[in-house]
Structure formats: C-alpha cells, structure tokens
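J.: Quick one: the structure is below, and I'll ask about it shortly.
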Amino acid sequence: MWHYHQAEPKDIVMAKPLLFSLEQSGIKVFPDFNTAWHFDDKVGQKYLLEALKIDLVPTWVFYDTKTALEWIEKTSFPKVFKLRGGAGSQNVQLVHSKSEAKSLLKKAFSNGFPAYDAWGNLKERIRKWKLGKTNAFDVFKGIIRFVKPPRYAQVMGNEMNYLYFQEFLPNNDSDIRIIVIDGKAFALKRMVRANDFRASGSGDFRYEREVFDPRCVALSFEYTQKLKAQCVAYDYIFDTDNNPKLVEISYGFANKVYDPCTGYWDEQMKWHEGTFNPYGWMVDLMFKF
C-alpha cells in the first residue's frame with residue numbers, strides 16, 4: 001500500500017512502475033492499475049472518462065498548432081486552461097479571449113510551461129497568509145521558489161506539445177468532492193476563492209449532509225463500478241441546467257481535510273451518521289478476494 005504523491009520526486013519516478021509491476025506478478029496492491037494509472041494526468045482522464053461515457057465537463061486537447069488555431073477561431077470564451085498535472089487548482093487559469101488562447105498556444109508548442117507555477121503559487125501563499133491560514137515564512141519560501149523551483153518540477157520538466165481546455169461553467173460558488181472507497185462514500189464542499197472561479201485548494205469547506213446533491217453521490221457509485229477502481233475522489237460542478245458534471249478524478253486526497261466529515265453513504269444511499277475511518281476501508285479492501 002502506497003499513498004504516493006504527485007509532487008514527490010521519488011514517487012514520480014518509481015511509484016507507478018513498481019506498483020503495477022507487482023500487480024502484474026500477482027501481488028495485490030493499493031492503489032492498483034485501474035485506480036491510479038490516470039492519477040495527476042488530466043489528459044489521460046479525458047480519454048478514459050469519455051470512453052466510459054461518464055458525464056465529463058466538455059474537454060478538448062490539441063497536439064498541433066493548426067488544429068488548435070482552427071478551434072480557437074470558432075469557439076467561444078471564456079474557457080478553462082489546464083496543464084495535465086497539478087493539485088489544489090495549480091496550473092489552472094481562466095482564458096477570456098482568443099488572443100489569450102493564442103498566447104498559450106504559442107507557449108505550449110515552443111518552450112512549454114513549467115510544472116511549477118512560481119507566480120501563481122506565491123499569490124496563493126499570500127492569499128492564505130492574509131486569511132491567517134499560513135505564516136510569513138511560508139510566503140518567503142514562495143519567493144525563494146522563483147530562484148530555486150521544487151525538485152519535482154525539475155524532475156518533470158516543462159509541459160509542452162499539447163493544449164488542454166475545458167468548458168467554463170459559470171455561477172458555481174463551489175465544487176463537490178465525493179470520495180468512494182469499498183462501497184462507501186463521503187463528501188466535502190469546497191467554496192471558491194474570493195473573486196475567483198477555482199474551488200480546489202481554497203481551504204473554505206462545508207461538511208453538512210444537506211449541502212450535497214445526492215445525484216453526485218449516486219453518480220460516484222456508478223462511475224466507480226465503471227472504472228473498476230478501489231478508491232476514487234470525484235470533483236463535480238453544475239451546468240446552467242443544474243446538472244452535475246465531472247471535472248476530474250484522483251485516487252488520493254489530503255486526509256486531515258476530511259476528518260470533520262459528519263457521516264457517509266452506502267451503495268443503497270443510506271446515510272450513516274458519525275465518525276468513520278476511510279483508511280481502514282482501504283486496508284479492508286486488501287483482504288478481499
């Protein structure tokens with residue numbers, strides 16, 4: 001069992017090859033291939049979710065400038081630009097116009113984008129410092145990152161030769177995170193940042209059962225069956241007709257954030273009030289054959 005991390009250099013290099021090799025040799029692992037091959041890979045998730053007919057926010061990926069330019073000229077804006085990796089809304093921005101999109105296109109097919117966004121990360125540290133959620137030393141470390149980026153970004157190198165956009169769905173003041181493990185689901189509502197559209201990593205959460213749309217819970221159970229996965233975290237927003245749309249998925253999550261959850265659902269949508277241990281559910285999975 002290995003909760004490997006997308007920003008840990010050693011994990012980036014060896015986690016998937018080791019886990020999936022062990023799995024193919026007959027050893028049970030967590031996370032297994034179906035659960036994690038697409039972890040921190042939004043491009044891979046696009047193809048997987050579309051192939052399984054899962055209701056993803058409309059998403060486009062381009063691998064050459066000609067096709068991308070033709071699409072930019074015909075489409076409407078704003079659109080959401082993303083890199084394939086990154087958590088907590090890192091490497092995510094709203095593109096308001098064709099000219100902005102063309103600028104990103106030019107960069108994508110020339111030098112590319114660093115895996116670590118030093119300026120965006122510093123702004124986020126300053127935001128949290130003003131809210132009292134971090135200290136001045138953390139802000140200082142963000143400044144140092146301009147000169148010395150984190151090791152994982154050096155390992156990954158620049159993101160280039162593709163361009164990724166998702167449809168922007170307006171009027172969402174939050175997103176809904178549903179996590180499914182072994183036939184049980186729990187949830188977190190993440191409010192967007194002030195004067196922003198991004199919810200992931202905001203640090204502003206809701207836990208009350210009544211704030212969660214039961215459709216998101218039911219869909220998450222259905223999607224987990226399709227994915228044949230051990231553990232999946234689903235991020236939902238809503239379109240203009242108030243239908244839930246999936247933004248992206250992950251096998252991993254920051255554990256302390258979910259400690260205040262007030263209960264969980266089972267696959268029959270029955271609510272179980274009170275504290276629970278989702279990491280114990282992961283261990284239980286390893287003993288199922």
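Residues in the structure tokens are numbered from 1 in each chain, the chains being A, B, ... in the order shown, and ligands are numbered from 1 in the order shown.
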List the spatial neighbours of Ile126 (chain A) as number ranges by chain - criterion: any atom at most 12 Å away, only C-alpha atoms, same-chain residues fewer than 2 positions off excluded.
T.: A: 119-124, 128-143
J.: Excluding Arg206 (chain A) and its own-chain neighbours fewer than 5 positions away, which residues fall within 12 Å of it when counting only C-alpha atoms? Please give them as a PyMOL selection string.
T.: chain A and resi 174-177+187-192+199+211-212+257-258+260-262
J.: Write out as a list of chain:residue names the residues lying within 12 Å of Trp37 (chain A), counting only C-alpha atoms and excluding same-chain residues fewer than 5 positions away.
T.: A:Ala15, A:Lys16, A:Pro17, A:Leu19, A:Phe20, A:Phe30, A:Pro31, A:Asp32, A:Lys42, A:Val43, A:Gly44, A:Gln45, A:Leu48, A:Leu227, A:Ala229, A:Ile249, A:Ser250, A:Tyr251
J.: Print the selection's residues with C-alpha atoms to a file, as an mmCIF file, in the first residue's frame.
T.:
data_model
loop_
_atom_site.group_PDB
_atom_site.id
_atom_site.type_symbol
_atom_site.label_atom_id
_atom_site.label_comp_id
_atom_site.auth_asym_id
_atom_site.auth_seq_id
_atom_site.Cartn_x
_atom_site.Cartn_y
_atom_site.Cartn_z
ATOM 1 C CA ALA A 15 5.658 4.581 -7.843
ATOM 2 C CA LYS A 16 3.567 3.522 -10.815
ATOM 3 C CA PRO A 17 6.181 1.225 -12.404
ATOM 4 C CA LEU A 19 3.107 -0.908 -8.055
ATOM 5 C CA PHE A 20 1.863 -2.025 -11.453
ATOM 6 C CA PHE A 30 -3.186 -0.304 -3.368
ATOM 7 C CA PRO A 31 -3.695 1.702 -5.486
ATOM 8 C CA ASP A 32 -3.977 -0.780 -8.329
ATOM 9 C CA LYS A 42 -5.971 15.178 -16.856
ATOM 10 C CA VAL A 43 -5.292 14.270 -20.479
ATOM 11 C CA GLY A 44 -5.448 10.562 -19.704
ATOM 12 C CA GLN A 45 -8.608 11.126 -17.658
ATOM 13 C CA LEU A 48 -10.830 7.345 -20.071
ATOM 14 C CA LEU A 227 -13.765 2.440 -13.519
ATOM 15 C CA ALA A 229 -11.381 1.260 -9.038
ATOM 16 C CA ILE A 249 -10.774 12.460 -10.610
ATOM 17 C CA SER A 250 -7.991 11.323 -8.285
ATOM 18 C CA TYR A 251 -7.197 8.271 -6.187
#
J.: If we count only C-alpha atoms and set the cut-off at 8 Å, which residues sit around Phe77 (chain A), ignoring sequence neighbours fewer than 5 positions away in its own chain? Please answer as a list in words.
T.: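 Skipping anything fewer than 5 positions along the chain leaves Val95, His96, Ser97 and Lys98 of chain A.
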J.: Residues of region 21-68 of chain A that approach region 148-165 of chain A to 9 Å or less, counting only C-alpha atoms: could you list each one with the shortest pair of atoms and its distance in Å to one decimal, rows by chain and increasing residue number, as JSON lines?
T.:
{"residue": "A:Lys42", "atom": "CA", "partner": "A:Tyr164", "partner_atom": "CA", "distance": 8.7}
{"residue": "A:Val43", "atom": "CA", "partner": "A:Tyr164", "partner_atom": "CA", "distance": 7.6}
{"residue": "A:Pro58", "atom": "CA", "partner": "A:Phe165", "partner_atom": "CA", "distance": 8.6}
{"residue": "A:Thr59", "atom": "CA", "partner": "A:Phe165", "partner_atom": "CA", "distance": 5.8}
{"residue": "A:Trp60", "atom": "CA", "partner": "A:Phe165", "partner_atom": "CA", "distance": 5.3}
{"residue": "A:Val61", "atom": "CA", "partner": "A:Tyr164", "partner_atom": "CA", "distance": 4.5}
{"residue": "A:Phe62", "atom": "CA", "partner": "A:Leu163", "partner_atom": "CA", "distance": 5.1}
{"residue": "A:Tyr63", "atom": "CA", "partner": "A:Tyr162", "partner_atom": "CA", "distance": 4.7}
{"residue": "A:Asp64", "atom": "CA", "partner": "A:Tyr162", "partner_atom": "CA", "distance": 7.2}
{"residue": "A:Thr65", "atom": "CA", "partner": "A:Tyr162", "partner_atom": "CA", "distance": 8.9}
{"residue": "A:Ala68", "atom": "CA", "partner": "A:Leu163", "partner_atom": "CA", "distance": 7.6}
J.: Keeping only N, CA, C and O atoms, write the selected residues as an mmCIF file, in the first residue's frame.
T.:
data_model
loop_
_atom_site.group_PDB
_atom_site.id
_atom_site.type_symbol
_atom_site.label_atom_id
_atom_site.label_comp_id
_atom_site.auth_asym_id
_atom_site.auth_seq_id
_atom_site.Cartn_x
_atom_site.Cartn_y
_atom_site.Cartn_z
ATOM 1 N N LYS A 42 -4.648 14.755 -16.380
ATOM 2 C CA LYS A 42 -5.971 15.178 -16.856
ATOM 3 C C LYS A 42 -6.207 14.788 -18.314
ATOM 4 O O LYS A 42 -7.351 14.568 -18.716
ATOM 5 N N VAL A 43 -5.142 14.697 -19.086
ATOM 6 C CA VAL A 43 -5.292 14.270 -20.479
ATOM 7 C C VAL A 43 -5.731 12.804 -20.532
ATOM 8 O O VAL A 43 -6.681 12.440 -21.233
ATOM 9 N N PRO A 58 -17.278 19.303 -20.878
ATOM 10 C CA PRO A 58 -16.675 19.253 -22.221
ATOM 11 C C PRO A 58 -15.208 19.670 -22.207
ATOM 12 O O PRO A 58 -14.850 20.715 -21.668
ATOM 13 N N THR A 59 -14.377 18.821 -22.800
ATOM 14 C CA THR A 59 -12.918 18.970 -22.709
ATOM 15 C C THR A 59 -12.293 18.757 -24.082
ATOM 16 O O THR A 59 -12.713 17.881 -24.834
ATOM 17 N N TRP A 60 -11.281 19.585 -24.392
ATOM 18 C CA TRP A 60 -10.587 19.484 -25.675
ATOM 19 C C TRP A 60 -9.082 19.425 -25.433
ATOM 20 O O TRP A 60 -8.550 20.144 -24.591
ATOM 21 N N VAL A 61 -8.406 18.573 -26.190
ATOM 22 C CA VAL A 61 -6.945 18.509 -26.146
ATOM 23 C C VAL A 61 -6.431 18.547 -27.579
ATOM 24 O O VAL A 61 -6.947 17.842 -28.452
ATOM 25 N N PHE A 62 -5.402 19.362 -27.820
ATOM 26 C CA PHE A 62 -4.836 19.519 -29.160
ATOM 27 C C PHE A 62 -3.346 19.210 -29.129
ATOM 28 O O PHE A 62 -2.653 19.513 -28.154
ATOM 29 N N TYR A 63 -2.858 18.622 -30.231
ATOM 30 C CA TYR A 63 -1.468 18.210 -30.319
ATOM 31 C C TYR A 63 -0.737 18.856 -31.491
ATOM 32 O O TYR A 63 0.413 18.495 -31.775
ATOM 33 N N ASP A 64 -1.386 19.792 -32.169
ATOM 34 C CA ASP A 64 -0.703 20.540 -33.226
ATOM 35 C C ASP A 64 -1.321 21.931 -33.306
ATOM 36 O O ASP A 64 -2.480 22.144 -32.944
ATOM 37 N N THR A 65 -0.554 22.884 -33.782
ATOM 38 C CA THR A 65 -0.986 24.277 -33.777
ATOM 39 C C THR A 65 -2.123 24.531 -34.764
ATOM 40 O O THR A 65 -3.022 25.329 -34.489
ATOM 41 N N ALA A 68 -5.465 23.383 -33.301
ATOM 42 C CA ALA A 68 -5.788 24.225 -32.153
ATOM 43 C C ALA A 68 -6.232 25.617 -32.596
ATOM 44 O O ALA A 68 -7.207 26.167 -32.068
#
J.: When distances are computed from only C-alpha atoms, which of A:Asn242, A:Arg125, A:Asn34, A:Leu105 shows the smallest separation from Trp71 (chain A)?
T.: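 Counting only C-alpha atoms, the residue closest to Trp71 (chain A) is A:Leu105.
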J.: Can you pull out every residue from region 127-212 of chain A that DSSP, working from the backbone, puts in alpha helix (DSSP H), and format the result as a count of residues only?
T.: 19
J.: Write out as a PyMOL selection string all residues of region 56-185 of chain A that backbone DSSP assigns to strand (DSSP E or B).
T.: chain A and resi 56+59-62+79-82+92-95+113+159+163-167+174-181+184-185
J.: Closest to Ser76 (chain A) among A:Ala101, A:Met269, A:Val232, A:Ala108, using only C-alpha atoms?
T.: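 Ranking A:Ala101, A:Met269, A:Val232, A:Ala108 by distance to Ser76 (chain A), first place goes to A:Ala101.
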J.: Rank A:Ser21, A:Gln225, A:Ser202, A:Ser99 by their smallest atom-to-atom distance to Leu69 (chain A), using only C-alpha atoms, and report the top residue only.
T.: A:Ser99
J.: Out of A:Leu18, A:Trp2, A:Asn171, A:Lys28, which residue has the shortest atom-to-atom distance to Phe289 (chain A) when counting only C-alpha atoms?
T.: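 Closest candidate: A:Lys28.
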J.: So which one's closest to Asn91 (chain A), A:Asp284, A:Asp117, A:Thr75, A:Lys66? Using only C-alpha atoms, please.
T.: A:Asp117
J.: Can you pull out the residues contacting Val283 (chain A)? Cut-off 12 Å, using only C-alpha atoms, and skip same-chain residues under 2 positions away; I want them as a list in words.
T.: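 Contacts, with the query itself left out: Met1, Trp2, Lys28, Val29, Phe30, Pro31, Ile181, Asp182, Gln230, Cys231, Asn277, Pro278, Tyr279, Gly280, Trp281, Leu285, Met286, Phe287 and Lys288 of chain A.
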J.: For each of A:Leu22, A:Ala87, A:Leu104, A:Met282, take the minimum atom-to-atom distance to His5 (chain A), counting only C-alpha atoms, then give the residue where this is smallest.
T.: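 Closest to His5 (chain A), using only C-alpha atoms: A:Ala87.
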J.: List the neighbours of Asp196 (chain A) out to 10 Å using only C-alpha atoms; skip same-chain residues closer than 6 positions along the sequence, and give me the result as a ChimeraX atom specification.
T.: /A:93-94,173
J.: Could you dump the residues just selected with N, CA, C and O atoms as a PDB file, in the first residue's frame?
T.:
ATOM      1  N   GLN A  93      -6.173  28.187 -15.136  1.00  0.00           N
ATOM      2  CA  GLN A  93      -6.492  29.599 -15.294  1.00  0.00           C
ATOM      3  C   GLN A  93      -7.650  29.791 -16.255  1.00  0.00           C
ATOM      4  O   GLN A  93      -7.917  28.933 -17.109  1.00  0.00           O
ATOM      5  N   LEU A  94      -8.339  30.903 -16.092  1.00  0.00           N
ATOM      6  CA  LEU A  94      -9.457  31.245 -16.962  1.00  0.00           C
ATOM      7  C   LEU A  94      -8.945  32.061 -18.139  1.00  0.00           C
ATOM      8  O   LEU A  94      -8.256  33.072 -17.962  1.00  0.00           O
ATOM      9  N   ASP A 173     -20.431  28.582  -7.124  1.00  0.00           N
ATOM     10  CA  ASP A 173     -19.733  29.177  -5.986  1.00  0.00           C
ATOM     11  C   ASP A 173     -18.914  28.153  -5.215  1.00  0.00           C
ATOM     12  O   ASP A 173     -18.294  28.464  -4.186  1.00  0.00           O
TER      13      ASP A 173
END
J.: Name all residues at most 10 Å from Trp271 (chain A) (count only C-alpha atoms; drop same-chain ones fewer than 3 positions away) and give them as a list in words.
T.: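 Once the adjacent positions are removed, what remains is Lys184, Ala185, Phe186, Arg209, Thr262, Gly263, Tyr264, Trp265, Asp266, Glu267, Gln268 and Gly274 of chain A.
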J.: Atoms to include: N, CA and C atoms. Write the selected residues as a PDB file, in the first residue's frame.
T.:
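Here's the written file out38.pdb:
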ATOM      1  N   LYS A 184     -18.593   2.717  -0.073  1.00  0.00           N
ATOM      2  CA  LYS A 184     -18.984   3.778   0.861  1.00  0.00           C
ATOM      3  C   LYS A 184     -18.500   5.117   0.310  1.00  0.00           C
ATOM      4  N   ALA A 185     -19.267   6.177   0.576  1.00  0.00           N
ATOM      5  CA  ALA A 185     -18.938   7.495   0.019  1.00  0.00           C
ATOM      6  C   ALA A 185     -19.049   8.572   1.084  1.00  0.00           C
ATOM      7  N   PHE A 186     -18.113   9.498   1.069  1.00  0.00           N
ATOM      8  CA  PHE A 186     -18.194  10.677   1.934  1.00  0.00           C
ATOM      9  C   PHE A 186     -17.862  11.904   1.102  1.00  0.00           C
ATOM     10  N   ARG A 209     -24.519  17.396   5.732  1.00  0.00           N
ATOM     11  CA  ARG A 209     -25.089  16.469   4.756  1.00  0.00           C
ATOM     12  C   ARG A 209     -25.989  17.192   3.752  1.00  0.00           C
ATOM     13  N   THR A 262     -19.266  14.434   8.570  1.00  0.00           N
ATOM     14  CA  THR A 262     -20.280  14.086   9.571  1.00  0.00           C
ATOM     15  C   THR A 262     -20.883  12.697   9.370  1.00  0.00           C
ATOM     16  N   GLY A 263     -20.499  11.999   8.326  1.00  0.00           N
ATOM     17  CA  GLY A 263     -21.038  10.670   8.081  1.00  0.00           C
ATOM     18  C   GLY A 263     -20.731  10.235   6.659  1.00  0.00           C
ATOM     19  N   TYR A 264     -21.300   9.090   6.270  1.00  0.00           N
ATOM     20  CA  TYR A 264     -21.073   8.573   4.922  1.00  0.00           C
ATOM     21  C   TYR A 264     -22.306   7.855   4.407  1.00  0.00           C
ATOM     22  N   TRP A 265     -22.357   7.641   3.073  1.00  0.00           N
ATOM     23  CA  TRP A 265     -23.429   6.907   2.417  1.00  0.00           C
ATOM     24  C   TRP A 265     -22.937   5.510   2.059  1.00  0.00           C
ATOM     25  N   ASP A 266     -23.855   4.540   2.065  1.00  0.00           N
ATOM     26  CA  ASP A 266     -23.529   3.252   1.467  1.00  0.00           C
ATOM     27  C   ASP A 266     -24.120   3.196   0.060  1.00  0.00           C
ATOM     28  N   GLU A 267     -23.943   2.081  -0.632  1.00  0.00           N
ATOM     29  CA  GLU A 267     -24.368   1.990  -2.029  1.00  0.00           C
ATOM     30  C   GLU A 267     -25.879   2.014  -2.198  1.00  0.00           C
ATOM     31  N   GLN A 268     -26.606   1.794  -1.136  1.00  0.00           N
ATOM     32  CA  GLN A 268     -28.072   1.916  -1.171  1.00  0.00           C
ATOM     33  C   GLN A 268     -28.511   3.340  -0.857  1.00  0.00           C
ATOM     34  N   GLY A 274     -22.021  10.021  11.849  1.00  0.00           N
ATOM     35  CA  GLY A 274     -20.930   9.860  12.802  1.00  0.00           C
ATOM     36  C   GLY A 274     -19.568   9.715  12.151  1.00  0.00           C
TER      37      GLY A 274
END
